[in-house]
Structure formats: structure tokens, C-alpha cells
Amino acid sequence: MNAPPPAIEVDGLVRTFGDVRAVDGISFTARPGQVLGLLGPNGSGKTTTVRMLATLLPPTAGRATVLGHDVTADPAGVRRRIGLTGQYAAVDEALTGRDNLVLIARLLDLPGRAARARADELIDRFGLTEAAGRRVRTYSGGMRRRLDLAASLVGDPEVLFLDEPTTGLDPRHRNEVWDAVRWLAGEGVTVLLTTQYLEEADQLAHDLVVLDRGRVIAAGTAAELKSQTGGQLLHVRPVRPDDAPQVAAIVAAETGAEPSIELSGEVGAPAGEPGALARTDARLAEAGIAVAEIGLRLPSLDDVFLTLTGQQPGSTDGEPT
Amino acid sequence: MTATLTDRPSPSGPAAPIATRRSWVPAPVRHSAALARRGLIKTIRSPEALLDVTLQPIVFLLLFVYVFGGAIAGSSDDYLQYALPGVLLQTVVFASAGTGVGLAEDLKTGIFDRFRSLPISRAAPLVGAVGADLVRYITSGVIMLAFGFVLGYRTSAGPLAVLAAFGLVVLFAFAMCWIFTALGVVVREPRSVQGIGAMIMLPLTFASSVFVPVETMPGWLRPFAEVNPVSRCADAVRALLDGEPAGSAVTASLVASAVVVAVFAPLAVSLYRRRT
């Protein structure tokens, strides 16, 4: 059986702004129905990539197709089949939620009655029924994002671009957006999701492409990426956080690696050879240090990111606004 | 959670415009009209925008007629006769500055990105914005004219001449709105557009024949007031409403509007294309 053609195919895509190479020759593909996570810190080229794929920005070099339509040669063909939710809720504050959706439906050539029906359907779907007649200005951040997401779905897109869909949302509203993305994925929509939150990528995306400074530095499933960092992590949390330096010294001696100490007093280091856990445990008992928790774990995506880029994701530019 | 969107086509199928309208109206016109409708709803629903086109011109006319009228023309009533055509023009031209502010707002919020990711003509958002504003110009013009009549303004001109004067004013505002459209695209901050707009607007409307005859101005200012396109339009509107022979003034006003459009519309469109 032939593999279906990719929903998104990016080949050597470059975009420069003056001297800055915002996107520096990236390549990846997304299969139909897949949720692909584009992961990276601020300024890594995620938004620029999405803008090129959504035909808002012409590439400087390279090639990209969406459902077989070239973004440069056939932007109209791309636009007919995509939906876009940008970083900032692109809805009209002065209009009601319903009017916003009806406007998009009209622009997509739905006749009046069908446009209103489509708007109501999406309002219902995103739990905005009560707010539908209110101006968007009065909406909470989460409601705005849901409306924004609904607006990108009016045309029943086959490929949906979500650029940092949960940036700036509190956990409850973030979960609402996540549920919506999962539902879309269940409906067979191909989703390209950018995020700087590893947890979000881990939760939603089938495959990940990790960007840093405009380049792809890793790609694969979350599990593959985790295993790429190699080995397990040994972690010890002493009962008294003050014991952490002593614990760190023991861990360093037994694993041969430089341990990290967290504020909670938890000490962690790559586990190295198999016996390290047992030996560390014995040495801690000898030293009379009370241990609250000790064990081995697989690295988190945060650890992966740290290993790949040498920096904590999103830590350089602080929290998004 | 219940999935209500059961009509989704297979992912490889064509896009699903559920029941695309077959219409004799060309798509760009339809899309522009839908966007113009949005602009109008926006104006009607936002109190400050509505005040801009209703109350503000009324306050302006009252202040000018009753504060300055006596000093300028000897009596408020006489000044109303001179000033109304000018204030009518000034009101509508001020409204045209709002076009730039609205555009800058749209560019800033990212809603234009959404429009541009839709399969619609690239010019539709721009045409829609200008279309909605034409309705605003006409509204504030009608309010101004009606209020002038309430205050005692009388014209000897027939309905056709009044209509022609009104048409000249709206056409001139349409021409001017391209200046502010260009400004709105270049200056990204709506507040700055408003500020810069006022800086352009005030000298243009005051150093003209809108409020006082150009002959009363000092020699160094007169040449500017004479070439100022606002003077050309104000003179034509005044001549039409006073029932005087207006042929040459109307021609001059039409030429002035055409020149402004010829310079600034292509500039605005090309800036818009580059920006978006």
C-alpha cells in the first residue's frame, strides 16, 4: 500500500529578516491526521515557519507544500484548505462572538443562513453559547482563545496551524484548549502546533520537531527524544533540604557526573552504570542521611531540551505576556 | 464532549464550503461588503466611534458659531452662513482620519492575519474598511447639515446643488482617507496615527478657507492656503450652497481630490501590500 502524501512538506525552508536568519533551512513533514509539535524557545523560528506555511510571509528560499499546494506558487490553494490561530487572538473585540464567526463564514462564501448556522454550531461546540451575543471585549482570555480556535475552523480546514495556542492562559483554560485540539485530532484534522511548553508538546503531539535558532536540532516522538538524551536519571531527595550538598557529594562520587541541586533539595545526575543507585543508597545510609525519595527515572522533555540546546526552554526571554 | 461536526469530509477530499453561494456578485465585491458591514457594526457598537461622527461635529459647530462667530463676522448668524459649508467639510475630512486609526488597530491585533489566511482577495480588507468609512462620512455630513439648518442656516441653492455639494465633500474625504490609510499602514501604533493625523489635519483645515476668507490671512500664509486642496473644496461647496456660479470652483475641487487620490491611493496600496 502506498503511504498517503504528506499533509505538510517543508524542504530547506529559509526566511531572513535583514541579516537575521530567522528560519535557517528547516525540513520536516507531517502526515495527514497527525498532530505535529514545533517546539522551541522564543526566537527559534516557530512563528516565522507557521506564517510561511499559512502564506502570510513568503519564504526567502526553500520549498513548502500544504496538501500538495505550494505556498509560493499556489497560496490561494493553500488558503482554501487551512485554518490559522495565531499567537494573539485574532478576533474583533467590538463584535459579538457570533458576529465574528458569521463574518468569517461570509468571507468563506457561505450564504447568510448557512453562515449563521455554521457560527451557531461552532459556538455550541466550544461552549460559548451564553457569551455568543456579547461583545468579545468582555470575554476572558480562555473564551477568546476558544472563539479564535472556532474562527479558524469555520471553513472546515484539513490542516490547522496553531501558533502557541495556550500562551498566557491559566491551567484551566489551557486544558480547555488542549481538549479542543485532541478532539480535532480525533476528527482527522492535521494539526501543526507550535509551543515552548514541553508539557504541551508531550500531551498533544504525536511527533515533535525541535527548533533552535532557526534550525531543526531534533525530531521524533517524545519517547524517541527522551531516549536520545541517553540513560536514566538518578534522583535523591533528602528529608532535610540542608543535607543536599552532602547528598550531592555522594551522588557525584558514585555516578561520576556533576549533579544538579534543586531548590527542594532534590539532587539529580545521569545514572551512569547500573550499580550507581544501590551504591548511592548504601552510602547515604552509612552517612545517616534520611532520604525521602530515591530512584531512577527517564528524562523529561525539559531534560531533553536542556541537553540539546544547553538552555532551559523559554527561560531566556522569560514568560510570555 | 460531543462531536457535532459530523459533516467533515475525508482529509484527502476537497475543502468543504458547505453550501457555497452561487451569486452574480463577484467574490471580491461580496467579501469587501462583508468586511464593510463589520466596520459599520463596529462603529455602531462602540460608543466613542459613534460620538466621533455625531456629537463631536455638533459641538464643533456650536463652538465656532457662538464663540468665534461674533468676532469673525460681526454676528453668529452671519458667521453660520459663512462657516457651515466649511465646518461640514472639516467634519467629514476629520472622519477620514479615523480610517487610518482603524486600519492600524486591525494590523496590530492580528485580525488582518486571519483575513489574509482566508481565500479572499488581498485588497478586500482595505476596500471594506474604506467602504464602511464612506458610510461614516455620509452620516456625519448629514448630521452636520441637519444641525446647521436647526441653528438657522439657510441656503438659496436647490436640492440638486445641495446634493452636489455633499457629493464633493464625501469625494474629498474619500481622497483624504488614502493619506491616512498610508499613515495607518506605516505607523503601527493607532494612538500615534491619531496624533500624527491631527498634526496633518489641523493646519490643513485651519489654514484654508474653511473658517475665514483666505484674503484675511497674512501674505506669507496666503499662498499655502490658496494651494491647499481643502480650500479648493471649501470654496466649491460654499459656492454651490450659496447658489453662486460654481463651475470653476467645482472643477478645481474635483481636480484637487483626483490629485490626492492619484498620489496617495497607489502609495497606500503598495505600502499595504508590502506590510501584509
# chains A, B, ... in the order shown; residues from 1 in each chain; ligands from 1
$ select_by_dssp --residues "segment 68-273 of chain A" --states "helix (DSSP H, G or I)" --output "PyMOL selection string"
chain A and resi 75-79+97-107+112-125+129-131+136-138+141-153+171-186+198-204+222-228+241-255
$ residues_around --residues "segment 29-41 of chain A" --least-positions-apart "2" --cutoff "7 Å" --atoms "only C-alpha atoms" --output "JSON list (two decimals) with C-alpha atoms, in the first residue's frame"
[["chain", "number", "residue", "atom", "x", "y", "z"],
["A", 6, "PRO", "CA", 2.23, 14.26, 3.41],
["A", 7, "ALA", "CA", -0.16, 16.94, 4.64],
["A", 8, "ILE", "CA", 2.73, 19.34, 5.17],
["A", 9, "GLU", "CA", 6.09, 19.04, 3.50],
["A", 10, "VAL", "CA", 8.85, 21.50, 4.27],
["A", 43, "GLY", "CA", 13.02, 33.42, 18.69],
["A", 44, "SER", "CA", 13.68, 29.88, 17.45],
["A", 46, "LYS", "CA", 8.40, 28.72, 15.08],
["A", 185, "ALA", "CA", -7.06, 15.34, 16.03],
["A", 188, "GLY", "CA", -8.74, 13.63, 11.40],
["A", 189, "VAL", "CA", -7.52, 17.20, 11.10],
["A", 190, "THR", "CA", -3.77, 17.60, 10.62],
["A", 191, "VAL", "CA", -2.54, 20.00, 13.27],
["A", 192, "LEU", "CA", 0.74, 21.86, 13.32],
["A", 193, "LEU", "CA", 1.17, 23.16, 16.81],
["A", 194, "THR", "CA", 3.94, 25.43, 18.00],
["A", 195, "THR", "CA", 4.74, 25.65, 21.65],
["A", 196, "GLN", "CA", 7.51, 26.47, 24.03],
["A", 201, "ALA", "CA", 4.09, 19.06, 23.22],
["A", 204, "LEU", "CA", -0.73, 16.75, 22.38],
["A", 205, "ALA", "CA", 1.76, 15.99, 19.66],
["A", 206, "HIS", "CA", 2.39, 12.64, 18.00],
["A", 207, "ASP", "CA", 5.70, 13.82, 16.62],
["A", 208, "LEU", "CA", 7.98, 16.64, 17.60],
["A", 209, "VAL", "CA", 10.34, 18.87, 15.68],
["A", 210, "VAL", "CA", 12.66, 20.79, 17.97],
["A", 211, "LEU", "CA", 13.83, 24.15, 16.68],
["A", 212, "ASP", "CA", 16.62, 26.29, 18.00],
["A", 313, "PRO", "CA", 13.16, 26.24, 27.16],
["A", 314, "GLY", "CA", 11.56, 29.64, 27.42]]
$ residues_around --residues "segment 210-223 of chain B" --least-positions-apart "2" --cutoff "12 Å" --atoms "only C-alpha atoms" --output "ChimeraX atom specification"
/B:60-61,64-65,68-69,71-73,79-91,93,202-208,225-238
$ write_last_selection --atoms "C-alpha atoms" --output "short mmCIF file (atom, residue, chain, number, x, y, z; two decimals), in the first residue's frame"
data_model
loop_
_atom_site.label_atom_id
_atom_site.label_comp_id
_atom_site.auth_asym_id
_atom_site.auth_seq_id
_atom_site.Cartn_x
_atom_site.Cartn_y
_atom_site.Cartn_z
CA PHE B 60 -17.64 71.95 16.91
CA LEU B 61 -20.26 73.87 15.04
CA PHE B 64 -17.29 78.04 16.21
CA VAL B 65 -20.54 79.81 15.54
CA PHE B 68 -15.83 82.97 17.29
CA GLY B 69 -18.76 83.94 15.08
CA ALA B 71 -15.61 88.28 16.40
CA ILE B 72 -15.10 86.99 12.87
CA ALA B 73 -18.28 88.07 11.08
CA TYR B 79 -20.95 83.60 10.56
CA LEU B 80 -23.12 80.48 10.44
CA GLN B 81 -23.91 81.34 6.83
CA TYR B 82 -20.20 81.54 6.03
CA ALA B 83 -18.93 78.73 8.23
CA LEU B 84 -21.41 75.90 7.75
CA PRO B 85 -20.13 74.74 4.36
CA GLY B 86 -16.59 74.83 5.76
CA VAL B 87 -17.39 73.05 9.00
CA LEU B 88 -19.31 70.44 7.02
CA LEU B 89 -16.16 69.77 5.03
CA GLN B 90 -13.93 69.84 8.09
CA THR B 91 -16.13 67.33 9.93
CA VAL B 93 -12.40 65.24 6.48
CA LEU B 202 -5.30 70.95 11.86
CA PRO B 203 -3.03 73.05 9.61
CA LEU B 204 -4.77 71.72 6.51
CA THR B 205 -8.26 72.65 7.66
CA PHE B 206 -7.45 75.87 9.57
CA ALA B 207 -5.02 77.34 7.05
CA SER B 208 -7.73 77.20 4.42
CA ALA B 225 -4.00 78.46 1.91
CA GLU B 226 -4.53 79.05 -1.81
CA VAL B 227 -2.91 75.78 -2.95
CA ASN B 228 -4.35 73.85 -0.01
CA PRO B 229 -6.80 71.35 -1.58
CA VAL B 230 -9.10 71.87 1.42
CA SER B 231 -9.60 75.49 0.28
CA ARG B 232 -10.47 74.32 -3.21
CA CYS B 233 -13.17 72.03 -1.90
CA ALA B 234 -14.46 74.50 0.71
CA ASP B 235 -14.80 77.22 -1.96
CA ALA B 236 -16.73 74.91 -4.26
CA VAL B 237 -19.08 73.72 -1.51
CA ARG B 238 -19.68 77.29 -0.40
#
$ closest_residue --among "B:Ala165, B:Arg273, B:Thr99, B:Gly131" --to "chain A" --atoms "only C-alpha atoms"
B:Arg273
$ interface_residues --of "chain A" --to "chain B" --cutoff "8 Å" --atoms "only C-alpha atoms" --output "number ranges by chain"
A: 32-33, 54-56, 76-77, 79-86, 88-92, 94-95, 103, 106-111, 114, 121, 125, 155-158, 183, 187-189
$ write_last_selection --atoms "C-alpha atoms" --output "compact mmCIF listing (two decimals), in the first residue's frame"
# COMPACT_ATOMS: atom_id res chain seq x y z
CA PRO A 32 -2.38 13.54 7.32
CA GLY A 33 -4.25 13.44 10.62
CA ALA A 54 -0.06 29.86 6.14
CA THR A 55 1.04 32.02 3.16
CA LEU A 56 1.33 35.18 5.27
CA ALA A 76 -4.91 30.51 -2.84
CA GLY A 77 -4.98 26.72 -2.96
CA ARG A 79 -5.72 29.18 1.97
CA ARG A 80 -8.79 27.23 0.86
CA ARG A 81 -7.78 24.27 3.00
CA ILE A 82 -6.14 25.65 6.11
CA GLY A 83 -7.15 27.30 9.35
CA LEU A 84 -4.89 29.55 11.38
CA THR A 85 -4.93 30.52 15.01
CA GLY A 86 -2.15 32.95 15.72
CA TYR A 88 -2.75 36.70 19.61
CA ALA A 89 -6.45 36.08 19.45
CA ALA A 90 -7.31 37.48 16.03
CA VAL A 91 -10.95 38.28 16.67
CA ASP A 92 -12.74 41.60 16.59
CA ALA A 94 -16.06 45.26 19.09
CA LEU A 95 -18.14 42.47 17.54
CA LEU A 103 -18.14 37.32 9.29
CA ARG A 106 -19.44 35.07 4.91
CA LEU A 107 -15.86 35.56 3.78
CA LEU A 108 -15.78 31.84 3.07
CA ASP A 109 -18.80 32.33 0.80
CA LEU A 110 -21.42 30.68 2.96
CA PRO A 111 -24.82 32.21 2.26
CA ALA A 114 -25.74 28.71 6.33
CA GLU A 121 -22.73 25.11 15.52
CA ARG A 125 -19.18 23.13 20.11
CA GLY A 155 -14.06 26.67 6.78
CA ASP A 156 -13.68 23.08 7.95
CA PRO A 157 -9.91 23.11 7.32
CA GLU A 158 -7.96 19.94 6.69
CA TRP A 183 -10.96 16.50 19.58
CA GLU A 187 -11.68 14.25 13.70
CA GLY A 188 -8.74 13.63 11.40
CA VAL A 189 -7.52 17.20 11.10
$ atom_distance --atom1 "atom CA of Leu55 of chain B" --atom2 "atom CA of Phe149 of chain B"
15.8 Å
